[in-house]
Structure formats: structure tokens, C-alpha cells
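Data first, discussion second: the structure below is written as C-alpha cells.
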Amino acid sequence: MNTTQIDPRVHSFRVDVSDAAVHDLRARLRNARFPQPLPVDDRRTGIPSAELQDLVARWAEHDWRGTEERLNALPHIITDIEGQSIHAVHVRSAHPDATPLLLLHGWPGSFLEFEGLIDPLTDPVAHGGDAGDAFDVIVPSLPGFGFSMPLVGTAWGTREIAGAMLELMTRLGYDRFAVQGGDVGAGVAPEIGRLAPERVIGVHVNGSLGNFVGDLDEETTASLTPLEQDRLRRISEFMQNEFGYISMQSTRPGLVGQVLADSPVGQFAWILDKLQAWTHPVETPAIDILGERFVFENAALYWFTASAGTSAFVGYAQGGGWGEVPESSGVPTAVIVFAHDVGLRFAEEKSHHIVRWTDVVGQGGHFAAMEEPDMLVADVREFFRALR
């Protein structure tokens, strides 16, 4: 699949946060000011006060230099695409016929979500797979996220991000490749297929491809399975109870960025609220599901790069509207829907060539690469094995 050499515009990159920035973060965390708890101090109103204060104290002790050492053991690259810096982790498999696989994160995540998948995907033999299942793995930071900063330009909808990712793969020397994504990445992945269907082997997403489900008539609703009806119910509850953050990020991303750029506790709480709401089961603390290391490092990445506003702008302040149904690219597409998520096949088939659909009942949340890595890797392997 590798047809050309890496473009000379691609450069190596090291994670290197200044001592001053690390010390400043620790000082701010240790000197944080917390409000008096509300009369209702639980997850109905946000992060419970005692829980947040405990986590902030633990974050203040986190060893960021150890994080840098671990991350810099991975091969990072950076390249300028039409003025926009694009960062990625690029790990080649030792197997010569490995399939290039582009892994796309969403909000409030980062490239860190996929760190644990790199070894199983690049070295399947060591992880219960066959050599024929090997992938070269490319994990970018989406524009406006992580080290793909500062954000340049105003047009960063899924199509524009897809164009940048397509150019990234060209510069890395890959003619044809596979794509996997979740959240924002699940919206970008099929757009890459629409831009270059001859280059995309297949599209795999976890969660939903993003097609909006409007009001359904009684006859259609009655024809749905109990699982689909439950997902419709939860979509309605989300619109009623959780839509506030989308309203803020899609209409005032600059304000969100300004508010959070000077408060690491604010940045942490803003992210943790969604990590908690979108992991499964929701009653279990997200830090127990995702791990302390990821929760602290992911928040630190947003903090050090001051990317709260840019990630909000890219993730939600996009053109177009719900209800628009794009053309299918014809690229084979697979969807795996874990317990938290609400993907509906009858809605997604309108604009995607779905050849594989997997419903997982009772397991997994929105952050599949971290919550159910073995199941996600197995589904990715099986889907692309048939397409090679």
C-alpha cells in the first residue's frame, strides 16, 4: 500500500512542554479556588464538589515528565498543510504488507485515546492475531486539537478536515488506506471516502455516522426493534438534558476558549463532565473506566495547548445543518455501536454503503478504543480482512 517515499515536508516532532508551563499548571492546581457546593451537589448539576477537589489534588501530583518520556518513545511527525500544522503519531508495522490505517479521535478526546491500540494493530501476532491483520497506524491530532495548533483559517468542517487528512496520507506515502473514527472522527472518516473513494479501502466507525433522526411517525416507530426504540428514547433525553454544551461550543467557541484558557480546573471539569456522561456504565466513575493516566494527561494536553476554544470551534461550529443527507461514496462501511451510543442503521443507510453493522448490548461507551479495546480491534481486523 506504500507507493512513495515520505514527503520532505513531513518532519519529526517531540513532545516538549516547558518547565515553566509544567510548574505553572501544578501551582494553579494546588492553589485552585473552589465554590461552595450547590444545594444539589451531584452529577445532575455537574461534577460533585468533593470528587472534583480530590481529582484536582491528584492531578497536581501527576508526573508530566514521565508522560513526555513515554510519548516520545513513539514516532511523532508534524507537517504544514496550507498553513495548518498537523501532528500525528506514525507507527509502521514490521510486517511488509501491512495496511495503512488512519485513526481519528473526537471531542473531548485526543490522539491519546488510541495509544493502547498501536501495538495490537501493528503487531497482531503478539496479540492473538495473524500477520495478515497487520496495520501501519497513523494517529493524527485533528486541526485545533492537541499539537495541531494554532488553528489557521475558518473553514474546518468535516469535509475540510477530511481534505487535510487525505493530504497527510499522501505525504506519508500511502496511496490506498483504511480509516477508523469515533465522535468527530466518525464524521470525518466517511468524508475522506467521499473525497477519494478510489483511495479508501473501507471506513470503520464506532458510535454513529452522524445522520440526524427527526420525528418519526407512529407506524415507523412501531416497526423498530426494542433496541432501536431505546436508542430513540435516549436521543430525545440527550436533546432535553445534555444539549447545553453543544449550544455553547457551537455558538460561542471563542468564549469557551477564553473562560477555560486561564483555569485548568475549569478545563478539567468541562471535559470530565462529558467523560462521565459518555462512559459505560454511567454510574461508575469515568476515571475508573478510562484510567487516571488518560484522564489527567488528556486534560493536560488541552491545557498546555490552550485548545478548548479551537477544539470547540472545529468540533461543533461547523457549517451545514442536521437533516442534510449526503451522497454515499460507495466505500464499504462498518459500524460498531456499544451500549452507550445511539447509532441507528435505518438512518445511516441513507448515505453510507454499510456492509457490516454490530450492536453491542450491555458493554462499552463512547470511548471505545479505551473502554473496549479488544472488541474494537477484533471488529476492525475482521472488517478490513475481507477487504484486503
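Here, A, B, ... name the chains of the C-alpha cells in the order displayed, residue numbers run from 1 inside each chain, and ligands are numbered from 1 in the same displayed order.
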
**Request:** List the neighbours of Leu290 of chain A out to 8 Å using only C-alpha atoms; skip same-chain residues closer than 5 positions along the sequence, and give me the result as JSON, numbers by chain.
**Result:** {"A": [295, 370, 371]}

Restricting the output to N, CA and C atoms, write the selected residues as a PDB file, in the first residue's frame.
```
ATOM      1  N   VAL A 295      -7.106  10.356  31.892  1.00  0.00           N
ATOM      2  CA  VAL A 295      -7.938  11.499  32.276  1.00  0.00           C
ATOM      3  C   VAL A 295      -7.071  12.710  32.590  1.00  0.00           C
ATOM      4  N   MET A 370     -10.656   2.922  24.398  1.00  0.00           N
ATOM      5  CA  MET A 370     -10.181   2.789  25.758  1.00  0.00           C
ATOM      6  C   MET A 370     -11.066   1.892  26.609  1.00  0.00           C
ATOM      7  N   GLU A 371     -12.374   1.875  26.314  1.00  0.00           N
ATOM      8  CA  GLU A 371     -13.300   1.096  27.138  1.00  0.00           C
ATOM      9  C   GLU A 371     -13.352  -0.369  26.722  1.00  0.00           C
TER      10      GLU A 371
END
```

**Message:** Please extract the residues of segment 171-268 of chain A with a backbone DSSP assignment of strand (DSSP E) and present them as a VMD selection string.
**Reply:** chain A and resid 177 to 182 200 to 206

**Complete:** atom CA of Leu387 of chain A sits from atom CA of Glu160 of chain A at a separation of 26.6 Å

**Request:** Between atom CA of Arg293 of chain A and atom CA of Val337 of chain A, measure the distance and give it in Å to one decimal.
**Result:** 25.5 Å

Per-residue nearest contacts segment 273-367 of chain A to segment 239-262 of chain A, cut-off 9 Å, using only C-alpha atoms, as JSON lines:
```
{"residue": "A:Ala277", "atom": "CA", "partner": "A:Glu242", "partner_atom": "CA", "distance": 9.0}
{"residue": "A:Trp303", "atom": "CA", "partner": "A:Ala261", "partner_atom": "CA", "distance": 7.0}
{"residue": "A:Ala306", "atom": "CA", "partner": "A:Ala261", "partner_atom": "CA", "distance": 5.6}
{"residue": "A:Ser307", "atom": "CA", "partner": "A:Gly257", "partner_atom": "CA", "distance": 7.0}
{"residue": "A:Ala308", "atom": "CA", "partner": "A:Gly257", "partner_atom": "CA", "distance": 4.8}
{"residue": "A:Gly309", "atom": "CA", "partner": "A:Gly257", "partner_atom": "CA", "distance": 3.5}
{"residue": "A:Thr310", "atom": "CA", "partner": "A:Pro253", "partner_atom": "CA", "distance": 7.1}
{"residue": "A:Ser311", "atom": "CA", "partner": "A:Pro253", "partner_atom": "CA", "distance": 8.3}
{"residue": "A:Ala312", "atom": "CA", "partner": "A:Gln249", "partner_atom": "CA", "distance": 5.1}
{"residue": "A:Phe313", "atom": "CA", "partner": "A:Pro253", "partner_atom": "CA", "distance": 5.3}
{"residue": "A:Val314", "atom": "CA", "partner": "A:Ser250", "partner_atom": "CA", "distance": 8.9}
{"residue": "A:Gly315", "atom": "CA", "partner": "A:Ser250", "partner_atom": "CA", "distance": 8.0}
{"residue": "A:Tyr316", "atom": "CA", "partner": "A:Ser250", "partner_atom": "CA", "distance": 4.7}
{"residue": "A:Ala317", "atom": "CA", "partner": "A:Ser250", "partner_atom": "CA", "distance": 4.2}
{"residue": "A:Gln318", "atom": "CA", "partner": "A:Ser250", "partner_atom": "CA", "distance": 7.5}
```

**Item:** Near-Asp288 of chain A list (12 Å; only C-alpha atoms; drop same-chain fewer than 4 positions) as a VMD selection string
**Value:** chain A and resid 55 275 to 276 279 to 284 292 to 295 370 to 371

**Message:** I'd like to know which residues of segment 20-186 of chain A are helix (DSSP H, G or I) (by DSSP, run on the backbone); could you write them as a ChimeraX atom specification?
**Reply:** /A:20-30,49-60,64-71,111-122,124-127,131-133,158-171,184-186

**Message:** If we count only C-alpha atoms and set the cut-off at 12 Å, which residues sit around Gly83 of chain A, ignoring sequence neighbours fewer than 2 positions away in its own chain? Please answer as a ChimeraX atom specification.
**Reply:** /A:79-81,85-86,143,148-153,164

For those residues, write C-alpha atoms to a file as a PDB file, in the first residue's frame.
```pdb
ATOM      1  CA  THR A  79       3.653  18.848   8.682  1.00  0.00           C
ATOM      2  CA  ASP A  80       2.239  22.123   7.412  1.00  0.00           C
ATOM      3  CA  ILE A  81      -0.847  21.687   5.207  1.00  0.00           C
ATOM      4  CA  SER A  85       0.226  22.410  11.434  1.00  0.00           C
ATOM      5  CA  ILE A  86      -0.903  18.786  11.542  1.00  0.00           C
ATOM      6  CA  PRO A 143      -6.835  20.574  13.469  1.00  0.00           C
ATOM      7  CA  SER A 148      -2.160  20.519  15.601  1.00  0.00           C
ATOM      8  CA  MET A 149      -2.075  24.116  16.741  1.00  0.00           C
ATOM      9  CA  PRO A 150      -2.524  27.021  16.344  1.00  0.00           C
ATOM     10  CA  LEU A 151      -5.730  26.785  14.328  1.00  0.00           C
ATOM     11  CA  VAL A 152      -5.417  28.580  10.988  1.00  0.00           C
ATOM     12  CA  GLY A 153      -8.379  29.533   8.801  1.00  0.00           C
ATOM     13  CA  ALA A 164      -6.258  17.695   5.335  1.00  0.00           C
TER      14      ALA A 164
END
```

**Request:** For segment 103-113 of chain A, please output as a PyMOL selection string all residues within 10 Å (counting only C-alpha atoms; exclusion window: fewer than 2 positions along the same chain).
**Result:** chain A and resi 71+87-89+100-101+115-118+137-142+145-147+165+178-189+204-205+270-275+290+294-295+297-299+301-302+308+311-312+314-316+367-371

Just-selected residues, C-alpha atoms written as a compact mmCIF listing (two decimals), in the first residue's frame:
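In the end it all went to again_23.txt:
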```txt
# COMPACT_ATOMS: atom_id res chain seq x y z
CA LEU A 71 5.02 9.53 24.47
CA HIS A 87 0.60 16.49 14.16
CA ALA A 88 0.39 12.70 14.11
CA VAL A 89 1.86 9.55 15.57
CA PRO A 100 -2.25 1.74 6.43
CA LEU A 101 -4.93 2.65 9.00
CA GLU A 115 -2.17 4.79 22.30
CA GLY A 116 -3.18 1.37 23.62
CA LEU A 117 -4.28 0.15 20.18
CA ILE A 118 -0.96 0.78 18.43
CA VAL A 137 -1.02 3.10 12.22
CA ILE A 138 -1.41 6.85 11.73
CA VAL A 139 -2.99 8.76 14.64
CA PRO A 140 -3.31 12.49 13.91
CA SER A 141 -4.39 15.29 16.19
CA LEU A 142 -7.32 16.89 14.38
CA PHE A 145 -6.69 19.76 18.91
CA GLY A 146 -3.51 18.84 20.76
CA PHE A 147 -0.35 19.64 18.85
CA MET A 165 -6.20 14.04 6.41
CA ALA A 178 -8.27 2.31 5.73
CA VAL A 179 -9.97 4.75 8.11
CA GLN A 180 -11.45 4.33 11.59
CA GLY A 181 -13.01 7.01 13.78
CA GLY A 182 -15.34 7.88 16.61
CA ASP A 183 -17.22 11.05 17.58
CA VAL A 184 -15.92 13.87 15.31
CA GLY A 185 -13.69 11.25 13.69
CA ALA A 186 -16.78 9.23 12.74
CA GLY A 187 -18.00 12.25 10.81
CA VAL A 188 -14.66 12.90 9.13
CA ALA A 189 -13.96 9.27 8.13
CA HIS A 204 -14.98 1.79 10.15
CA VAL A 205 -16.65 3.85 12.87
CA TRP A 270 -15.62 20.74 31.39
CA ILE A 271 -14.02 17.61 29.94
CA LEU A 272 -14.68 15.29 32.87
CA ASP A 273 -18.41 16.04 32.78
CA LYS A 274 -18.60 14.50 29.30
CA LEU A 275 -16.20 11.67 30.03
CA LEU A 290 -10.70 5.27 31.43
CA PHE A 294 -5.55 9.17 30.43
CA VAL A 295 -7.94 11.50 32.28
CA GLU A 297 -2.94 13.57 30.52
CA ASN A 298 -5.81 14.34 28.17
CA ALA A 299 -6.81 17.36 30.29
CA LEU A 301 -2.93 18.27 26.66
CA TYR A 302 -5.91 20.61 26.29
CA ALA A 308 -10.53 24.48 24.48
CA SER A 311 -11.45 22.20 19.56
CA ALA A 312 -14.96 23.52 20.24
CA VAL A 314 -13.76 22.53 14.94
CA GLY A 315 -15.98 20.02 16.70
CA TYR A 316 -19.25 21.89 16.70
CA PHE A 367 -14.65 5.98 24.05
CA ALA A 368 -14.41 2.52 22.51
CA ALA A 369 -10.64 2.48 22.00
CA MET A 370 -10.18 2.79 25.76
CA GLU A 371 -13.30 1.10 27.14
```

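Interatomic distance, atom CA of Gly210 of chain A to atom CA of Leu195 of chain A: 17.5 Å.
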
**Spatial neighbours of Asn31 of chain A, 12 Å, only C-alpha atoms, chain gap at least 5 places, as a list in words** =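 Selected residues are Asp24, Leu25, Arg26, Gln53, Val56, Ala57, Ala60, Ser263, Pro264 and Val265 of chain A.
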
Take the residues from that selection and put them in a file with N, CA and C atoms, as a PDB file, in the first residue's frame.
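What landed in again.pdb:
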```
ATOM      1  N   ASP A  24       3.706  25.993  36.339  1.00  0.00           N
ATOM      2  CA  ASP A  24       2.533  26.861  36.432  1.00  0.00           C
ATOM      3  C   ASP A  24       1.264  26.040  36.610  1.00  0.00           C
ATOM      4  N   LEU A  25       1.131  24.955  35.833  1.00  0.00           N
ATOM      5  CA  LEU A  25      -0.045  24.095  35.969  1.00  0.00           C
ATOM      6  C   LEU A  25      -0.137  23.542  37.383  1.00  0.00           C
ATOM      7  N   ARG A  26       0.964  23.027  37.899  1.00  0.00           N
ATOM      8  CA  ARG A  26       0.934  22.434  39.236  1.00  0.00           C
ATOM      9  C   ARG A  26       0.575  23.473  40.291  1.00  0.00           C
ATOM     10  N   GLN A  53     -12.518  18.125  43.775  1.00  0.00           N
ATOM     11  CA  GLN A  53     -11.374  18.567  44.571  1.00  0.00           C
ATOM     12  C   GLN A  53     -10.372  17.439  44.773  1.00  0.00           C
ATOM     13  N   VAL A  56      -8.508  16.964  41.385  1.00  0.00           N
ATOM     14  CA  VAL A  56      -7.581  18.059  41.128  1.00  0.00           C
ATOM     15  C   VAL A  56      -6.320  17.900  41.976  1.00  0.00           C
ATOM     16  N   ALA A  57      -6.474  17.516  43.236  1.00  0.00           N
ATOM     17  CA  ALA A  57      -5.309  17.286  44.101  1.00  0.00           C
ATOM     18  C   ALA A  57      -4.440  16.164  43.552  1.00  0.00           C
ATOM     19  N   ALA A  60      -2.508  17.326  40.456  1.00  0.00           N
ATOM     20  CA  ALA A  60      -1.358  18.176  40.791  1.00  0.00           C
ATOM     21  C   ALA A  60      -0.099  17.358  41.053  1.00  0.00           C
ATOM     22  N   SER A 263      -7.985  28.629  33.476  1.00  0.00           N
ATOM     23  CA  SER A 263      -8.353  27.803  34.624  1.00  0.00           C
ATOM     24  C   SER A 263      -8.215  26.327  34.283  1.00  0.00           C
ATOM     25  N   PRO A 264      -7.151  25.685  34.723  1.00  0.00           N
ATOM     26  CA  PRO A 264      -7.037  24.251  34.461  1.00  0.00           C
ATOM     27  C   PRO A 264      -8.135  23.440  35.150  1.00  0.00           C
ATOM     28  N   VAL A 265      -8.620  23.922  36.292  1.00  0.00           N
ATOM     29  CA  VAL A 265      -9.713  23.219  36.959  1.00  0.00           C
ATOM     30  C   VAL A 265     -10.981  23.320  36.121  1.00  0.00           C
TER      31      VAL A 265
END
```

**Message:** as a PyMOL selection string, please: the residues near Tyr174 of chain A (cut-off 12 Å, only C-alpha atoms, same-chain neighbours under 2 positions excluded).
**Reply:** chain A and resi 1-7+90+92+98-102+136-138+165-172+176-178+199-201

Preceding selection exported with C-alpha atoms as a short mmCIF file (atom, residue, chain, number, x, y, z; two decimals), in the first residue's frame:
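After the write, selection_36.cif holds the following:
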```cif
data_model
loop_
_atom_site.label_atom_id
_atom_site.label_comp_id
_atom_site.auth_asym_id
_atom_site.auth_seq_id
_atom_site.Cartn_x
_atom_site.Cartn_y
_atom_site.Cartn_z
CA MET A 1 0.00 0.00 0.00
CA ASN A 2 3.05 2.25 0.41
CA THR A 3 3.75 3.62 -3.06
CA THR A 4 6.02 6.61 -2.48
CA GLN A 5 8.57 7.96 -0.04
CA ILE A 6 7.55 10.27 2.78
CA ASP A 7 7.27 13.86 1.60
CA HIS A 90 3.03 7.34 12.69
CA ARG A 92 4.93 1.32 10.81
CA ALA A 98 0.61 -4.04 6.49
CA THR A 99 -2.45 -1.98 5.62
CA PRO A 100 -2.25 1.74 6.43
CA LEU A 101 -4.93 2.65 9.00
CA LEU A 102 -5.85 6.23 9.86
CA ASP A 136 0.62 0.72 9.76
CA VAL A 137 -1.02 3.10 12.22
CA ILE A 138 -1.41 6.85 11.73
CA MET A 165 -6.20 14.04 6.41
CA LEU A 166 -6.14 12.93 2.77
CA GLU A 167 -3.14 15.18 2.13
CA LEU A 168 -1.45 13.84 5.28
CA MET A 169 -1.76 10.28 3.98
CA THR A 170 -0.39 11.37 0.61
CA ARG A 171 2.63 12.95 2.25
CA LEU A 172 3.24 9.81 4.30
CA ARG A 176 -4.72 3.42 -0.51
CA PHE A 177 -5.59 3.14 3.16
CA ALA A 178 -8.27 2.31 5.73
CA ARG A 199 -8.12 5.55 -2.26
CA VAL A 200 -10.16 4.46 0.77
CA ILE A 201 -10.28 0.69 1.28
#
```

**Asked** In terms of the shortest atom-to-atom distance over only C-alpha atoms, which of A:Pro285, A:Val361, A:Arg381, A:Thr67 is closest to Pro48 of chain A?
**Response** A:Pro285

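Of the listed residues A:Asn211, A:Arg388, A:Ala94, A:Thr154, the one whose atoms come nearest to Ala131 of chain A is A:Ala94, with distances taken using only C-alpha atoms.
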
Taking only C-alpha atoms into account, produce a table as a tab-separated table in which each residue of segment 148-227 of chain A with an atom at most 9 Å from an atom of segment 338-356 of chain A appears once, together with its shortest atom pair and the distance in Å to one decimal, ordered by chain and rising number.
```
residue	atom	partner	partner_atom	distance
A:Pro190	CA	A:His352	CA	7.9
A:Asn206	CA	A:Phe338	CA	7.5
A:Gly207	CA	A:Asp341	CA	5.3
A:Ser208	CA	A:Gly343	CA	4.5
A:Leu209	CA	A:Glu348	CA	6.5
A:Gly210	CA	A:Glu348	CA	7.7
A:Asn211	CA	A:Glu348	CA	5.8
A:Phe212	CA	A:Ala347	CA	7.5
A:Val213	CA	A:Ala347	CA	6.6
```

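Remark: for Val22 of chain A, the closest of the candidate residues A:Ala300, A:Ala269, A:Leu38, A:Leu74 is A:Ala300 (distances computed over only C-alpha atoms).
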